[in-house]
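Source file: model-v2.txt. Holds: compact mmCIF, C-alpha atoms (C1' of nucleotides).
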# COMPACT_ATOMS: atom_id res chain seq x y z
CA MET A 194 -17.45 -56.82 1.40
CA ALA A 195 -20.81 -55.08 1.11
CA LEU A 196 -22.20 -52.06 -0.67
CA ILE A 197 -22.38 -48.89 1.41
CA THR A 198 -25.99 -48.05 2.20
CA LYS A 199 -27.80 -44.88 1.27
CA ARG A 200 -28.61 -44.38 4.94
CA HIS A 201 -24.90 -44.35 5.76
CA LEU A 202 -24.36 -41.55 3.23
CA ALA A 203 -27.30 -39.49 4.50
CA ARG A 204 -25.08 -37.48 6.87
CA ASP A 205 -22.95 -34.36 6.67
CA ALA A 206 -20.16 -34.59 4.06
CA LEU A 207 -17.41 -34.23 6.67
CA ASP A 208 -18.64 -37.24 8.64
CA VAL A 209 -19.07 -39.29 5.49
CA ALA A 210 -15.61 -38.21 4.28
CA HIS A 211 -14.02 -39.85 7.35
CA ASP A 212 -15.91 -43.06 6.71
CA LEU A 213 -15.08 -43.19 3.01
CA LEU A 214 -11.34 -43.47 3.70
CA GLY A 215 -10.62 -47.16 3.16
CA ALA A 216 -13.84 -47.77 1.22
CA GLU A 217 -13.63 -49.13 -2.29
CA PHE A 218 -14.91 -48.26 -5.75
CA ARG A 219 -15.51 -51.15 -8.11
CA ARG A 220 -16.13 -51.02 -11.80
CA GLY A 221 -15.60 -54.23 -13.74
CA ALA A 222 -12.10 -55.53 -13.05
CA VAL A 223 -10.97 -52.25 -11.49
CA ARG A 224 -11.06 -51.86 -7.70
CA LEU A 225 -9.77 -48.69 -6.02
CA LYS A 226 -9.35 -48.08 -2.29
CA ILE A 227 -10.07 -44.47 -1.30
CA THR A 228 -7.06 -42.75 0.30
CA GLU A 229 -7.86 -39.01 0.09
CA VAL A 230 -11.12 -37.03 0.06
CA GLU A 231 -12.51 -33.53 0.51
CA ALA A 232 -15.84 -32.52 2.07
CA TYR A 233 -18.00 -29.88 0.39
CA ARG A 234 -20.71 -28.70 2.74
CA TRP A 235 -23.49 -26.21 3.23
CA PRO A 236 -23.04 -23.37 3.74
CA ASP A 237 -19.65 -23.44 2.02
CA SER A 238 -18.42 -20.89 -0.51
CA ALA A 239 -16.24 -23.56 -2.15
CA CYS A 240 -19.15 -25.93 -2.82
CA HIS A 241 -20.48 -26.14 -6.37
CA GLY A 242 -23.96 -25.58 -5.04
CA CYS A 243 -23.11 -22.24 -3.44
CA HIS A 244 -24.43 -20.18 -6.37
CA GLY A 245 -27.62 -22.14 -6.85
CA ARG A 246 -28.82 -25.05 -8.90
CA THR A 247 -27.82 -25.41 -12.55
CA ARG A 248 -28.00 -28.22 -15.09
CA ARG A 249 -24.36 -29.02 -14.43
CA ASN A 250 -24.62 -29.30 -10.64
CA LYS A 251 -28.16 -30.55 -10.13
CA THR A 252 -26.98 -33.94 -8.86
CA ILE A 253 -25.20 -32.44 -5.85
CA TRP A 254 -28.59 -31.04 -4.78
CA GLY A 255 -30.23 -34.42 -5.03
CA PRO A 256 -30.54 -37.41 -2.67
CA PRO A 257 -27.44 -39.06 -1.13
CA GLY A 258 -25.73 -42.10 -2.58
CA ARG A 259 -25.38 -40.87 -6.12
CA ALA A 260 -22.25 -40.04 -8.08
CA TYR A 261 -21.80 -36.38 -8.95
CA VAL A 262 -19.46 -36.37 -11.96
CA TYR A 263 -18.50 -33.12 -13.62
CA LEU A 264 -15.98 -31.88 -16.11
CA CYS A 265 -13.21 -29.75 -14.63
CA TYR A 266 -11.00 -27.42 -16.68
CA GLY A 267 -12.67 -28.76 -19.78
CA LEU A 268 -10.93 -32.13 -19.65
CA HIS A 269 -10.92 -33.89 -16.25
CA GLN A 270 -13.84 -35.97 -14.97
CA LEU A 271 -14.10 -35.46 -11.19
CA LEU A 272 -16.00 -37.92 -8.99
CA ASN A 273 -18.02 -36.99 -5.90
CA VAL A 274 -20.26 -39.01 -3.62
CA VAL A 275 -23.45 -37.04 -2.85
CA THR A 276 -24.25 -36.90 0.87
CA LEU A 277 -26.78 -35.59 3.43
CA ARG A 278 -30.27 -35.12 1.96
CA ASP A 279 -32.28 -34.07 -1.06
CA GLY A 280 -32.40 -30.29 -1.45
CA VAL A 281 -29.02 -29.46 0.15
CA PRO A 282 -25.76 -29.33 -1.88
CA ASN A 283 -23.40 -31.66 -0.02
CA ALA A 284 -20.77 -34.07 -1.35
CA VAL A 285 -17.39 -35.75 -0.89
CA LEU A 286 -14.81 -35.31 -3.65
CA ILE A 287 -12.60 -38.35 -4.26
CA ARG A 288 -9.06 -36.98 -4.60
CA ALA A 289 -6.87 -40.09 -4.55
CA CYS A 290 -7.02 -43.88 -4.43
CA GLU A 291 -4.79 -46.92 -4.17
CA PRO A 292 -5.19 -49.75 -6.71
CA VAL A 293 -6.62 -53.00 -5.31
CA ALA A 294 -7.27 -54.86 -8.58
CA GLY A 295 -7.23 -54.28 -12.32
CA LEU A 296 -3.82 -52.62 -12.37
CA SER A 297 -3.22 -53.35 -16.05
CA VAL A 298 -6.48 -51.65 -17.04
CA ILE A 299 -5.71 -48.69 -14.77
CA ARG A 300 -2.25 -48.29 -16.26
CA ARG A 301 -3.61 -48.38 -19.79
CA ARG A 302 -6.16 -45.67 -18.98
CA ARG A 303 -3.42 -43.58 -17.36
CA GLY A 304 -0.92 -43.64 -20.17
CA GLY A 305 1.13 -46.60 -18.95
CA LYS A 306 2.41 -44.87 -15.83
CA SER A 307 3.11 -46.70 -12.56
CA GLY A 308 3.33 -45.84 -8.86
CA PRO A 309 1.35 -43.23 -6.93
CA VAL A 310 1.34 -40.85 -9.94
CA LEU A 311 -1.30 -43.23 -11.34
CA LEU A 312 -4.04 -42.27 -8.89
CA THR A 313 -3.04 -39.30 -6.71
CA GLY A 314 -5.34 -36.56 -8.02
CA PRO A 315 -9.09 -36.34 -8.65
CA GLY A 316 -8.76 -36.18 -12.44
CA LYS A 317 -6.59 -39.30 -12.36
CA VAL A 318 -9.21 -41.24 -10.39
CA GLY A 319 -11.83 -40.29 -12.99
CA ALA A 320 -9.54 -41.41 -15.79
CA ALA A 321 -8.72 -44.74 -14.11
CA LEU A 322 -12.43 -45.52 -13.75
CA ASP A 323 -13.11 -44.24 -17.28
CA LEU A 324 -15.83 -41.91 -16.01
CA GLY A 325 -17.84 -39.39 -17.99
CA ARG A 326 -20.96 -37.32 -17.59
CA ARG A 327 -23.00 -40.44 -18.33
CA PHE A 328 -22.15 -41.48 -14.75
CA ASP A 329 -23.52 -38.26 -13.29
CA GLY A 330 -26.47 -39.24 -11.10
CA HIS A 331 -25.51 -42.94 -11.07
CA ASP A 332 -26.67 -44.67 -7.87
CA LEU A 333 -23.55 -45.98 -6.13
CA THR A 334 -25.54 -47.96 -3.56
CA GLN A 335 -27.01 -50.34 -6.14
CA PRO A 336 -25.14 -53.23 -7.77
CA GLY A 337 -24.06 -52.76 -11.38
CA GLY A 338 -21.81 -50.33 -13.19
CA LEU A 339 -19.93 -48.28 -10.62
CA GLU A 340 -20.25 -49.52 -7.03
CA LEU A 341 -19.12 -48.23 -3.63
CA HIS A 342 -18.18 -50.91 -1.09
CA ARG A 343 -17.27 -50.84 2.57
CA GLY A 344 -13.63 -51.25 3.57
CA ALA A 345 -11.30 -51.16 6.56
CA PRO A 346 -10.65 -47.59 7.77
CA PRO A 347 -7.03 -46.37 8.02
CA ALA A 348 -5.27 -46.55 11.40
CA ALA A 349 -4.60 -42.79 11.36
CA VAL A 350 -5.94 -39.83 9.40
CA LEU A 351 -4.26 -36.63 8.15
CA ARG A 352 -6.13 -33.41 7.51
CA GLY A 353 -5.52 -30.09 5.81
CA PRO A 354 -7.11 -27.34 3.72
CA ARG A 355 -8.80 -28.22 0.45
CA ILE A 356 -6.94 -27.86 -2.85
CA GLY A 357 -7.72 -25.56 -5.76
CA ILE A 358 -10.45 -23.41 -4.20
CA GLY A 359 -8.78 -19.99 -4.35
CA TYR A 360 -12.12 -18.43 -5.25
CA ALA A 361 -13.62 -19.34 -1.84
CA GLU A 362 -13.99 -17.10 1.20
CA GLU A 363 -11.17 -17.03 3.73
CA GLN A 364 -12.84 -19.19 6.36
CA ASP A 365 -13.72 -21.90 3.85
CA LEU A 366 -10.31 -21.68 2.19
CA ARG A 367 -8.67 -22.55 5.51
CA ALA A 368 -11.19 -25.11 6.76
CA PRO A 369 -9.42 -28.49 7.29
CA TRP A 370 -11.87 -30.50 5.25
CA ARG A 371 -9.36 -32.48 3.21
CA LEU A 372 -8.72 -35.90 4.79
CA ALA A 373 -6.21 -38.59 3.90
CA ALA A 374 -4.99 -41.94 5.16
CA ALA A 375 -1.72 -41.51 7.04
CA ASP A 376 -0.26 -44.91 6.24
CA THR A 377 -0.01 -44.78 2.45
CA PRO A 378 2.02 -43.05 -0.30
CA TRP A 379 -1.13 -42.81 -2.44
CA VAL A 380 -1.92 -39.23 -1.37
CA SER A 381 -1.52 -35.89 -3.18
CA HIS A 382 -0.22 -32.53 -1.83
CA ARG A 383 1.23 -34.09 1.33
CA ALA A 384 2.97 -30.87 2.38
CA SER A 385 -0.22 -29.17 3.57
CA LEU A 386 -1.46 -32.19 5.55
CA ARG A 387 -0.99 -32.65 9.30
CA SER A 388 -1.92 -35.24 11.86
CA SER A 389 -5.46 -34.49 12.95
CA ALA A 390 -4.11 -34.11 16.50
CA LEU A 391 -1.80 -31.21 15.51
CA PRO A 392 -2.65 -27.59 14.68
CA LEU A 393 -3.03 -26.74 10.99
CA PRO A 394 -0.27 -25.14 8.87
C1' DA B 43 -23.37 -15.72 -30.17
C1' DC B 44 -19.54 -14.48 -27.00
C1' DA B 45 -16.28 -14.16 -23.20
C1' DA B 46 -14.61 -15.72 -18.82
C1' DG B 47 -13.16 -18.96 -15.66
C1' DG B 48 -12.40 -23.46 -13.58
C1' DA B 49 -12.63 -28.75 -6.87
C1' DT B 50 -6.40 -30.31 -12.74
C1' DC B 51 -2.37 -32.42 -14.98
C1' DC B 52 2.01 -32.42 -16.90
C1' DT B 53 6.46 -30.70 -17.93
C1' DC B 54 9.77 -28.27 -17.06
C1' DT B 55 13.34 -25.50 -13.69
C1' DG C 222 7.12 -23.99 -7.57
C1' DA C 223 5.52 -22.01 -11.91
C1' DG C 224 3.14 -21.88 -16.18
C1' DG C 225 0.75 -23.61 -20.25
C1' DA C 226 -2.69 -26.93 -22.17
C1' DT C 227 -7.41 -27.53 -22.97
C1' DC C 228 -12.57 -27.03 -23.73
C1' DC C 229 -16.90 -27.33 -21.42
C1' DT C 230 -20.31 -24.71 -18.59
C1' DT C 231 -22.22 -20.62 -17.41
C1' DG C 232 -23.93 -15.95 -17.51
C1' DT C 233 -24.42 -12.10 -20.29
C1' DT C 234 -25.33 -9.46 -24.70
Could you write out this structure as structure tokens?
Amino acid sequence: MALITKRHLARDALDVAHDLLGAEFRRGAVRLKITEVEAYRWPDSACHGCHGRTRRNKTIWGPPGRAYVYLCYGLHQLLNVVTLRDGVPNAVLIRACEPVAGLSVIRRRRGGKSGPVLLTGPGKVGAALDLGRRFDGHDLTQPGGLELHRGAPPAAVLRGPRIGIGYAEEQDLRAPWRLAAADTPWVSHRASLRSSALPLP
DNA sequence: ACAAGGATCCTCT
DNA sequence: GAGGATCCTTGTT
């Protein structure tokens, strides 16, 4: 498998989100296959960049291919892949993964749990990779530390509205920019997902 | 210096 | 499905 190129990530977050399903994060012994993502775009009232650039969110405004890691609710480290181009806030949030390798390390970092509860939620992914703000701005397209590799895409994709963005405007609240692999139990909030061929809930 | 709120998780019922 | 935990980041005084 090969690292995903910066050029591949230099597109709109929704396009990149489709391609990231099946891709793989690697850090040391831990390898995680991406099963669920959300696109945050521009303009988009749910995107962290929508109120301008701050010290916390500056990475999402930067060039594609970097990790945007931020602290949510004071305790969860959430991982995004920055997309599109420098100067526009655009990113893909990693919401869930399936373990490929390093299960014992993952379980230890997640309180000894097992099954999909290990990795179905963005804060859980951050915990399993032991992320922190020191990874904010890390280049995922270069070898070393945290890496993003290509992988086989899922046979079918589910889509639905994004989770936890009640503060957003109506149109963005309903936009079907959450994507998940259809052929895996490693997905959160299944109830609001539909086959991409069917109308939304 | 202070108050408000958040791209969540876990434990119940 | 609902509610509390938890504490950093931000904008305002």
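For the pair atom C1' of DA49 of chain B and atom CA of Asn273 of chain A, the interatomic distance is 9.9 Å.
Polymer residues near (-24.8, -11.4, -18.3): counting all atoms listed in the file with a cut-off of 12 Å, they are DC44, DA45 and DA46 of chain B; DT231, DG232, DT233 and DT234 of chain C.
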Counting all atoms listed in the file, give me one row per residue of chain A with an atom at most 10 Å from an atom of chain C, showing the shortest contact pair and its distance in Å to one decimal, sorted by chain then residue number, as a Markdown table.
| residue | atom | partner | partner_atom | distance |
| --- | --- | --- | --- | --- |
| A:Thr247 | CA | C:DT231 | C1' | 8.8 |
| A:Arg248 | CA | C:DT230 | C1' | 9.1 |
| A:Arg249 | CA | C:DT230 | C1' | 7.2 |
| A:Tyr263 | CA | C:DC229 | C1' | 9.8 |
| A:Leu264 | CA | C:DC229 | C1' | 7.1 |
| A:Cys265 | CA | C:DC229 | C1' | 8.1 |
| A:Tyr266 | CA | C:DC228 | C1' | 7.2 |
| A:Gly267 | CA | C:DC228 | C1' | 4.3 |
| A:Leu268 | CA | C:DT227 | C1' | 6.7 |
| A:His269 | CA | C:DT227 | C1' | 9.9 |
Write out, as CSV, each residue of chain A that has an atom at most 9 Å from chain B, together with the closest pair of atoms and their distance in Å to one decimal, counting only C-alpha atoms (C1' of nucleotides), rows going by chain and rising number.
residue,atom,partner,partner_atom,distance
A:Glu231,CA,B:DA49,C1',8.8
A:Ala239,CA,B:DA49,C1',7.9
A:Cys240,CA,B:DA49,C1',8.2
A:His241,CA,B:DA49,C1',8.3
A:Cys265,CA,B:DG48,C1',6.4
A:Tyr266,CA,B:DG48,C1',5.2
A:Gly267,CA,B:DG48,C1',8.2
A:Leu268,CA,B:DT50,C1',8.5
A:His269,CA,B:DT50,C1',6.8
A:Leu271,CA,B:DA49,C1',8.1
A:Leu286,CA,B:DA49,C1',7.6
A:Gly314,CA,B:DT50,C1',7.9
A:Pro315,CA,B:DT50,C1',7.8
A:Gly316,CA,B:DT50,C1',6.3
A:Lys317,CA,B:DC51,C1',8.5
A:Arg355,CA,B:DA49,C1',8.3
A:Ile356,CA,B:DA49,C1',7.0
A:Gly357,CA,B:DA49,C1',6.0
A:Ile358,CA,B:DA49,C1',6.4
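From atom CA of Leu277 of chain A back to atom CA of Ala321 of chain A, the distance works out to 26.8 Å.
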Please identify all polymer residues lying at most 12 Å from the point (3.1, -43.4, -10.2) (file coordinates), using all atoms listed in the file, and present the result as an mmCIF file with C-alpha atoms, in the coordinates of the input.
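Written file, result-v7.cif:
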data_model
loop_
_atom_site.group_PDB
_atom_site.id
_atom_site.type_symbol
_atom_site.label_atom_id
_atom_site.label_comp_id
_atom_site.auth_asym_id
_atom_site.auth_seq_id
_atom_site.Cartn_x
_atom_site.Cartn_y
_atom_site.Cartn_z
ATOM 1 C CA ALA A 289 -6.870 -40.090 -4.550
ATOM 2 C CA CYS A 290 -7.020 -43.880 -4.430
ATOM 3 C CA GLU A 291 -4.790 -46.920 -4.170
ATOM 4 C CA PRO A 292 -5.190 -49.750 -6.710
ATOM 5 C CA LEU A 296 -3.820 -52.620 -12.370
ATOM 6 C CA ILE A 299 -5.710 -48.690 -14.770
ATOM 7 C CA ARG A 300 -2.250 -48.290 -16.260
ATOM 8 C CA ARG A 303 -3.420 -43.580 -17.360
ATOM 9 C CA GLY A 304 -0.920 -43.640 -20.170
ATOM 10 C CA GLY A 305 1.130 -46.600 -18.950
ATOM 11 C CA LYS A 306 2.410 -44.870 -15.830
ATOM 12 C CA SER A 307 3.110 -46.700 -12.560
ATOM 13 C CA GLY A 308 3.330 -45.840 -8.860
ATOM 14 C CA PRO A 309 1.350 -43.230 -6.930
ATOM 15 C CA VAL A 310 1.340 -40.850 -9.940
ATOM 16 C CA LEU A 311 -1.300 -43.230 -11.340
ATOM 17 C CA LEU A 312 -4.040 -42.270 -8.890
ATOM 18 C CA THR A 313 -3.040 -39.300 -6.710
ATOM 19 C CA GLY A 314 -5.340 -36.560 -8.020
ATOM 20 C CA LYS A 317 -6.590 -39.300 -12.360
ATOM 21 C CA PRO A 378 2.020 -43.050 -0.300
ATOM 22 C CA TRP A 379 -1.130 -42.810 -2.440
ATOM 23 C CA VAL A 380 -1.920 -39.230 -1.370
ATOM 24 C CA SER A 381 -1.520 -35.890 -3.180
#
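Reported to one decimal place, the separation of atom CA of Leu391 of chain A from atom CA of Ala348 of chain A is 16.3 Å.
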Residue contacts of segment 370-377 of chain A (12 Å, all atoms listed in the file) excluding same-chain residues fewer than 6 positions away, as JSON, numbers by chain: {"A": [205, 206, 207, 208, 209, 210, 211, 212, 213, 214, 215, 216, 226, 227, 228, 229, 230, 231, 232, 233, 234, 237, 239, 240, 284, 285, 286, 287, 288, 289, 290, 291, 292, 308, 309, 313, 345, 346, 347, 348, 349, 350, 351, 352, 353, 354, 355, 356, 357, 358, 364, 383, 385, 386, 387, 388, 389, 393], "B": [49]}
